$ cat final.txt   # compact mmCIF, C-alpha atoms
# COMPACT_ATOMS: atom_id res chain seq x y z
CA MET L 1 18.74 -72.19 56.09
CA ASP L 2 15.82 -74.51 56.87
CA ALA L 3 16.61 -77.16 59.47
CA ASN L 4 14.00 -79.48 57.93
CA ILE L 5 13.32 -81.10 61.32
CA PRO L 6 11.08 -84.12 60.71
CA ALA L 7 7.77 -84.52 62.52
CA LEU L 8 7.62 -87.53 64.83
CA GLY L 9 4.96 -90.20 64.72
CA ALA L 10 2.67 -90.92 67.67
CA ALA L 11 4.53 -94.09 68.75
CA LEU L 12 7.84 -92.34 69.57
CA PRO L 13 8.67 -91.24 73.13
CA ARG L 14 8.38 -87.47 73.57
CA ARG L 15 10.04 -84.74 75.58
CA GLY L 16 10.23 -80.97 75.63
CA ASN L 17 7.85 -78.15 74.81
CA TRP L 18 7.54 -75.29 72.34
CA ILE L 19 10.46 -73.49 73.99
CA THR L 20 12.91 -76.40 73.62
CA TYR L 21 11.66 -77.11 70.07
CA GLY L 22 12.09 -73.45 69.13
CA LEU L 23 15.56 -73.11 70.66
CA ALA L 24 16.74 -76.28 68.92
CA ALA L 25 15.28 -75.16 65.58
CA VAL L 26 17.11 -71.83 65.88
CA ALA L 27 20.33 -73.64 66.83
CA PHE L 28 19.95 -75.89 63.76
CA ARG L 29 19.43 -72.92 61.48
CA LEU L 30 22.36 -70.97 62.92
CA SER L 31 24.73 -73.94 62.85
CA GLY L 32 23.79 -74.99 59.32
CA TRP L 33 22.72 -78.53 60.32
CA ARG L 34 19.64 -80.07 58.71
CA PHE L 35 17.87 -83.41 58.54
CA GLU L 36 17.49 -85.63 55.50
CA GLY L 37 15.02 -88.49 55.56
CA THR L 38 12.46 -89.47 58.16
CA PHE L 39 12.35 -91.29 61.47
CA PRO L 40 10.38 -94.54 61.76
CA ASP L 41 7.23 -94.35 63.89
CA LEU L 42 8.16 -97.13 66.32
CA PRO L 43 8.04 -97.10 70.12
CA LYS L 44 11.41 -98.87 70.55
CA MET L 45 14.63 -98.92 68.54
CA VAL L 46 18.40 -98.76 68.72
CA VAL L 47 19.67 -95.76 66.77
CA ILE L 48 23.31 -96.09 65.79
CA VAL L 49 25.11 -92.86 64.99
CA ALA L 50 28.31 -93.23 63.02
CA PRO L 51 30.92 -92.00 62.71
CA HIS L 52 31.39 -90.60 66.22
CA THR L 53 34.52 -88.48 65.87
CA SER L 54 34.11 -85.50 68.19
CA ASN L 55 32.71 -84.40 71.54
CA TRP L 56 30.58 -81.99 69.50
CA ASP L 57 28.57 -84.99 68.24
CA PHE L 58 26.87 -85.09 71.66
CA PHE L 59 25.67 -81.49 71.37
CA VAL L 60 24.45 -82.00 67.81
CA GLY L 61 22.57 -85.08 69.07
CA LEU L 62 20.95 -83.05 71.85
CA MET L 63 20.00 -80.39 69.34
CA ALA L 64 18.38 -83.09 67.20
CA MET L 65 16.60 -84.71 70.14
CA PHE L 66 15.12 -81.43 71.39
CA GLY L 67 14.38 -80.19 67.87
CA MET L 68 12.29 -83.29 67.13
CA GLY L 69 10.83 -83.39 70.65
CA MET L 70 12.06 -86.96 71.10
CA ARG L 71 13.03 -88.58 74.40
CA GLY L 72 16.24 -90.47 73.84
CA THR L 73 18.47 -92.63 76.01
CA PHE L 74 22.22 -92.94 75.66
CA LEU L 75 25.06 -94.74 77.41
CA GLY L 76 27.97 -92.65 78.63
CA LYS L 77 31.28 -93.01 80.41
CA HIS L 78 30.56 -93.22 84.16
CA THR L 79 32.94 -90.37 84.95
CA LEU L 80 30.55 -87.97 83.16
CA PHE L 81 27.86 -88.78 85.73
CA ARG L 82 29.62 -87.42 88.82
CA TRP L 83 28.01 -84.57 90.72
CA PRO L 84 26.95 -81.98 89.60
CA LEU L 85 27.08 -82.88 85.88
CA GLY L 86 25.49 -86.27 86.59
CA ILE L 87 22.14 -84.66 87.42
CA VAL L 88 22.01 -83.03 83.99
CA MET L 89 23.30 -86.12 82.16
CA ARG L 90 20.60 -88.33 83.70
CA TRP L 91 17.91 -85.72 82.96
CA LEU L 92 19.05 -85.73 79.32
CA GLY L 93 18.54 -89.53 79.20
CA GLY L 94 22.03 -90.73 80.05
CA VAL L 95 22.86 -94.05 81.68
CA PRO L 96 26.37 -94.37 83.18
CA VAL L 97 28.59 -97.25 82.06
CA ASN L 98 31.88 -98.21 83.72
CA ARG L 99 34.09 -99.30 80.82
CA ALA L 100 37.01 -100.36 83.05
CA SER L 101 35.65 -103.89 83.33
CA SER L 102 32.83 -106.02 81.99
CA HIS L 103 29.54 -105.37 83.76
CA ASN L 104 27.15 -107.22 81.44
CA VAL L 105 26.04 -103.93 79.85
CA VAL L 106 24.24 -105.68 76.98
CA ASP L 107 22.00 -107.66 79.36
CA GLN L 108 21.37 -104.58 81.50
CA THR L 109 20.42 -102.54 78.44
CA VAL L 110 18.10 -105.28 77.16
CA ALA L 111 16.42 -105.23 80.61
CA TYR L 112 15.96 -101.42 80.26
CA PHE L 113 14.16 -102.01 76.97
CA ARG L 114 11.91 -104.69 78.44
CA ALA L 115 10.96 -102.48 81.41
CA ARG L 116 9.85 -99.54 79.24
CA PRO L 117 6.94 -99.28 76.79
CA ARG L 118 8.89 -96.76 74.68
CA MET L 119 12.63 -96.33 74.38
CA ILE L 120 15.00 -94.94 71.78
CA LEU L 121 18.60 -95.85 72.56
CA ALA L 122 21.22 -93.84 70.68
CA LEU L 123 24.64 -95.47 70.48
CA SER L 124 27.91 -95.05 68.67
CA PRO L 125 28.77 -98.45 67.19
CA GLU L 126 32.46 -97.62 67.58
CA GLY L 127 32.01 -97.15 71.33
CA THR L 128 34.65 -94.41 71.20
CA ARG L 129 35.72 -91.33 69.24
CA LYS L 130 38.87 -93.09 68.01
CA LYS L 131 39.05 -94.37 64.46
CA LEU L 132 38.66 -98.16 64.59
CA PRO L 133 39.02 -100.78 61.84
CA SER L 134 35.55 -102.18 62.67
CA TRP L 135 32.56 -101.48 64.86
CA LYS L 136 31.96 -103.07 68.23
CA THR L 137 28.96 -105.41 68.28
CA GLY L 138 27.19 -104.48 71.52
CA PHE L 139 24.51 -102.44 69.71
CA TYR L 140 23.66 -105.50 67.61
CA TYR L 141 23.27 -107.78 70.64
CA VAL L 142 21.18 -105.16 72.48
CA ALA L 143 18.82 -104.86 69.51
CA LYS L 144 18.67 -108.63 69.04
CA GLY L 145 18.07 -109.31 72.77
CA ALA L 146 15.40 -106.60 73.04
CA ASP L 147 13.87 -107.60 69.67
CA VAL L 148 14.00 -104.04 68.36
CA PRO L 149 15.18 -102.68 65.00
CA ILE L 150 18.50 -100.93 64.40
CA VAL L 151 18.09 -97.54 62.74
CA PRO L 152 21.35 -96.09 61.37
CA LEU L 153 21.78 -92.32 61.50
CA ALA L 154 24.66 -90.88 59.53
CA PRO L 155 25.76 -87.39 60.53
CA GLY L 156 27.45 -85.78 57.56
CA ARG L 157 29.32 -82.53 57.64
CA PHE L 158 26.09 -80.55 58.10
CA SER L 159 23.29 -83.08 57.80
CA MET L 160 21.85 -86.09 59.58
CA THR L 161 20.56 -88.79 57.30
CA SER L 162 18.07 -91.25 58.71
CA CYS L 163 18.61 -94.49 56.84
CA TRP L 164 15.25 -96.18 57.09
CA PRO L 165 13.66 -98.47 54.48
CA ASN L 166 11.79 -96.71 51.66
CA VAL L 167 13.57 -93.40 52.30
CA GLY L 168 16.03 -93.94 49.48
CA CYS L 169 19.11 -93.65 51.67
CA THR L 170 22.37 -94.93 50.24
CA ALA L 171 24.40 -94.31 53.41
CA LEU L 172 23.11 -97.54 54.97
CA ALA L 173 25.34 -99.68 52.76
CA THR L 174 28.30 -97.44 53.51
CA MET L 175 27.69 -97.63 57.25
CA ARG L 176 27.21 -101.38 57.24
CA ALA L 177 30.53 -101.72 55.45
CA GLY L 178 32.14 -100.51 58.70
CA MET L 179 31.56 -103.92 60.27
CA SER L 180 34.26 -106.29 59.11
CA ALA L 181 31.96 -109.31 59.38
CA PRO L 182 28.47 -110.05 60.69
CA PRO L 183 28.43 -110.56 64.46
CA PRO L 184 28.65 -114.21 65.54
CA GLY L 185 25.23 -115.82 65.73
CA GLY L 186 23.71 -112.96 63.71
$ encode --input "final.txt" --output "structure tokens"
Amino acid sequence: MDANIPALGAALPRRGNWITYGLAAVAFRLSGWRFEGTFPDLPKMVVIVAPHTSNWDFFVGLMAMFGMGMRGTFLGKHTLFRWPLGIVMRWLGGVPVNRASSHNVVDQTVAYFRARPRMILALSPEGTRKKLPSWKTGFYYVAKGADVPIVPLAPGRFSMTSCWPNVGCTALATMRAGMSAPPPGG
């Protein structure tokens, strides 16, 4: 089965080499995952991936990141960043977040965007693997504060659909329906 991994535009942050691309392409073929749609050629964006229902979503995301050769950033529970796993998590693009109390994560993440010429931040709008009645709004405020677009990515059973204008994606309306109401001030 063809993984149909989309080529990235010149503006996107890159990582990897022919070995990581090849390994990820083989993993995609063997697992049955494939891409549908394209990725926008922009240097900065917030990519929201929903629904996030399993720990396996992380590995599928890594497979996608390495298959496309894209350098991504993600926020993760701080306990995942303890030694020795923390070294690998940071190398993969992870930023630890302590969810026990408020630490102004939105403002910190906006500052990350402003300090970098290129940055793709992948987030789960639910903020958890639990089923929730509506999405959390942090991703919206990060994108608004950093003045970057939100690009929804909908992992299906065995596909990832990039919902970007002019791609003809119908999942965008479905994903947006997950928010019970527009965020305040939005």
$ residues_around --input "final.txt" --residues "Met63 (chain L)" --least-positions-apart "5" --cutoff "10 Å" --atoms "only C-alpha atoms" --output "PyMOL selection string"
chain L and resi 20-21+23-28+33+57-58+68-69
$ atom_distance --input "final.txt" --atom1 "CA of Phe39 (chain L)" --atom2 "CA of Ser54 (chain L)"
23.5 Å
$ residues_around --input "final.txt" --residues "region 93-110 of chain L" --least-positions-apart "6" --cutoff "12 Å" --atoms "all atoms listed in the file" --output "PDB file with C-alpha atoms, keeping the file's coordinate frame"
ATOM      1  CA  PRO L  13       8.670 -91.240  73.130  1.00  0.00           C
ATOM      2  CA  ARG L  14       8.380 -87.470  73.570  1.00  0.00           C
ATOM      3  CA  ARG L  15      10.040 -84.740  75.580  1.00  0.00           C
ATOM      4  CA  LYS L  44      11.410 -98.870  70.550  1.00  0.00           C
ATOM      5  CA  MET L  45      14.630 -98.920  68.540  1.00  0.00           C
ATOM      6  CA  VAL L  46      18.400 -98.760  68.720  1.00  0.00           C
ATOM      7  CA  PHE L  58      26.870 -85.090  71.660  1.00  0.00           C
ATOM      8  CA  GLY L  61      22.570 -85.080  69.070  1.00  0.00           C
ATOM      9  CA  LEU L  62      20.950 -83.050  71.850  1.00  0.00           C
ATOM     10  CA  MET L  65      16.600 -84.710  70.140  1.00  0.00           C
ATOM     11  CA  PHE L  66      15.120 -81.430  71.390  1.00  0.00           C
ATOM     12  CA  MET L  70      12.060 -86.960  71.100  1.00  0.00           C
ATOM     13  CA  ARG L  71      13.030 -88.580  74.400  1.00  0.00           C
ATOM     14  CA  GLY L  72      16.240 -90.470  73.840  1.00  0.00           C
ATOM     15  CA  THR L  73      18.470 -92.630  76.010  1.00  0.00           C
ATOM     16  CA  PHE L  74      22.220 -92.940  75.660  1.00  0.00           C
ATOM     17  CA  LEU L  75      25.060 -94.740  77.410  1.00  0.00           C
ATOM     18  CA  GLY L  76      27.970 -92.650  78.630  1.00  0.00           C
ATOM     19  CA  LYS L  77      31.280 -93.010  80.410  1.00  0.00           C
ATOM     20  CA  HIS L  78      30.560 -93.220  84.160  1.00  0.00           C
ATOM     21  CA  THR L  79      32.940 -90.370  84.950  1.00  0.00           C
ATOM     22  CA  LEU L  80      30.550 -87.970  83.160  1.00  0.00           C
ATOM     23  CA  PHE L  81      27.860 -88.780  85.730  1.00  0.00           C
ATOM     24  CA  ARG L  82      29.620 -87.420  88.820  1.00  0.00           C
ATOM     25  CA  LEU L  85      27.080 -82.880  85.880  1.00  0.00           C
ATOM     26  CA  GLY L  86      25.490 -86.270  86.590  1.00  0.00           C
ATOM     27  CA  ILE L  87      22.140 -84.660  87.420  1.00  0.00           C
ATOM     28  CA  ARG L 116       9.850 -99.540  79.240  1.00  0.00           C
ATOM     29  CA  MET L 119      12.630 -96.330  74.380  1.00  0.00           C
ATOM     30  CA  ILE L 120      15.000 -94.940  71.780  1.00  0.00           C
ATOM     31  CA  LEU L 121      18.600 -95.850  72.560  1.00  0.00           C
ATOM     32  CA  ALA L 122      21.220 -93.840  70.680  1.00  0.00           C
ATOM     33  CA  LEU L 123      24.640 -95.470  70.480  1.00  0.00           C
ATOM     34  CA  GLY L 127      32.010 -97.150  71.330  1.00  0.00           C
ATOM     35  CA  THR L 128      34.650 -94.410  71.200  1.00  0.00           C
ATOM     36  CA  LYS L 136      31.960-103.070  68.230  1.00  0.00           C
ATOM     37  CA  THR L 137      28.960-105.410  68.280  1.00  0.00           C
ATOM     38  CA  GLY L 138      27.190-104.480  71.520  1.00  0.00           C
ATOM     39  CA  PHE L 139      24.510-102.440  69.710  1.00  0.00           C
ATOM     40  CA  TYR L 140      23.660-105.500  67.610  1.00  0.00           C
ATOM     41  CA  TYR L 141      23.270-107.780  70.640  1.00  0.00           C
ATOM     42  CA  VAL L 142      21.180-105.160  72.480  1.00  0.00           C
ATOM     43  CA  ALA L 143      18.820-104.860  69.510  1.00  0.00           C
ATOM     44  CA  LYS L 144      18.670-108.630  69.040  1.00  0.00           C
ATOM     45  CA  GLY L 145      18.070-109.310  72.770  1.00  0.00           C
ATOM     46  CA  ALA L 146      15.400-106.600  73.040  1.00  0.00           C
ATOM     47  CA  ASP L 147      13.870-107.600  69.670  1.00  0.00           C
ATOM     48  CA  VAL L 148      14.000-104.040  68.360  1.00  0.00           C
TER      49      VAL L 148
END
$ closest_residue --input "final.txt" --among "L:Phe35, L:Met89, L:Pro125, L:Pro40" --to "Val60 (chain L)" --atoms "all atoms listed in the file"
L:Phe35
$ atom_distance --input "final.txt" --atom1 "CA of Ser31 (chain L)" --atom2 "CA of Leu92 (chain L)"
21.0 Å
$ residues_around --input "final.txt" --residues "region 6-8 of chain L" --least-positions-apart "2" --cutoff "7 Å" --atoms "only C-alpha atoms" --output "VMD selection string"
chain L and resid 4 10 12 38 to 39 41 68
$ atom_distance --input "final.txt" --atom1 "CA of Ile5 (chain L)" --atom2 "CA of Glu36 (chain L)"
8.5 Å
$ closest_residue --input "final.txt" --among "L:Gly9, L:Gly37, L:Gly16, L:Pro84" --to "Pro152 (chain L)" --atoms "only C-alpha atoms"
L:Gly37
$ closest_residue --input "final.txt" --among "L:Ala11, L:Arg29, L:Ile150, L:Trp135" --to "Ala50 (chain L)" --atoms "only C-alpha atoms"
L:Trp135
$ axis_aligned_box --input "final.txt" --around "region 73-83 of chain L" --padding-each-side "3 Å" --output "lines of an AutoDock Vina configuration file"
center_x = 25.7
center_y = -89.7
center_z = 83.2
size_x = 20.5
size_y = 16.2
size_z = 21.1
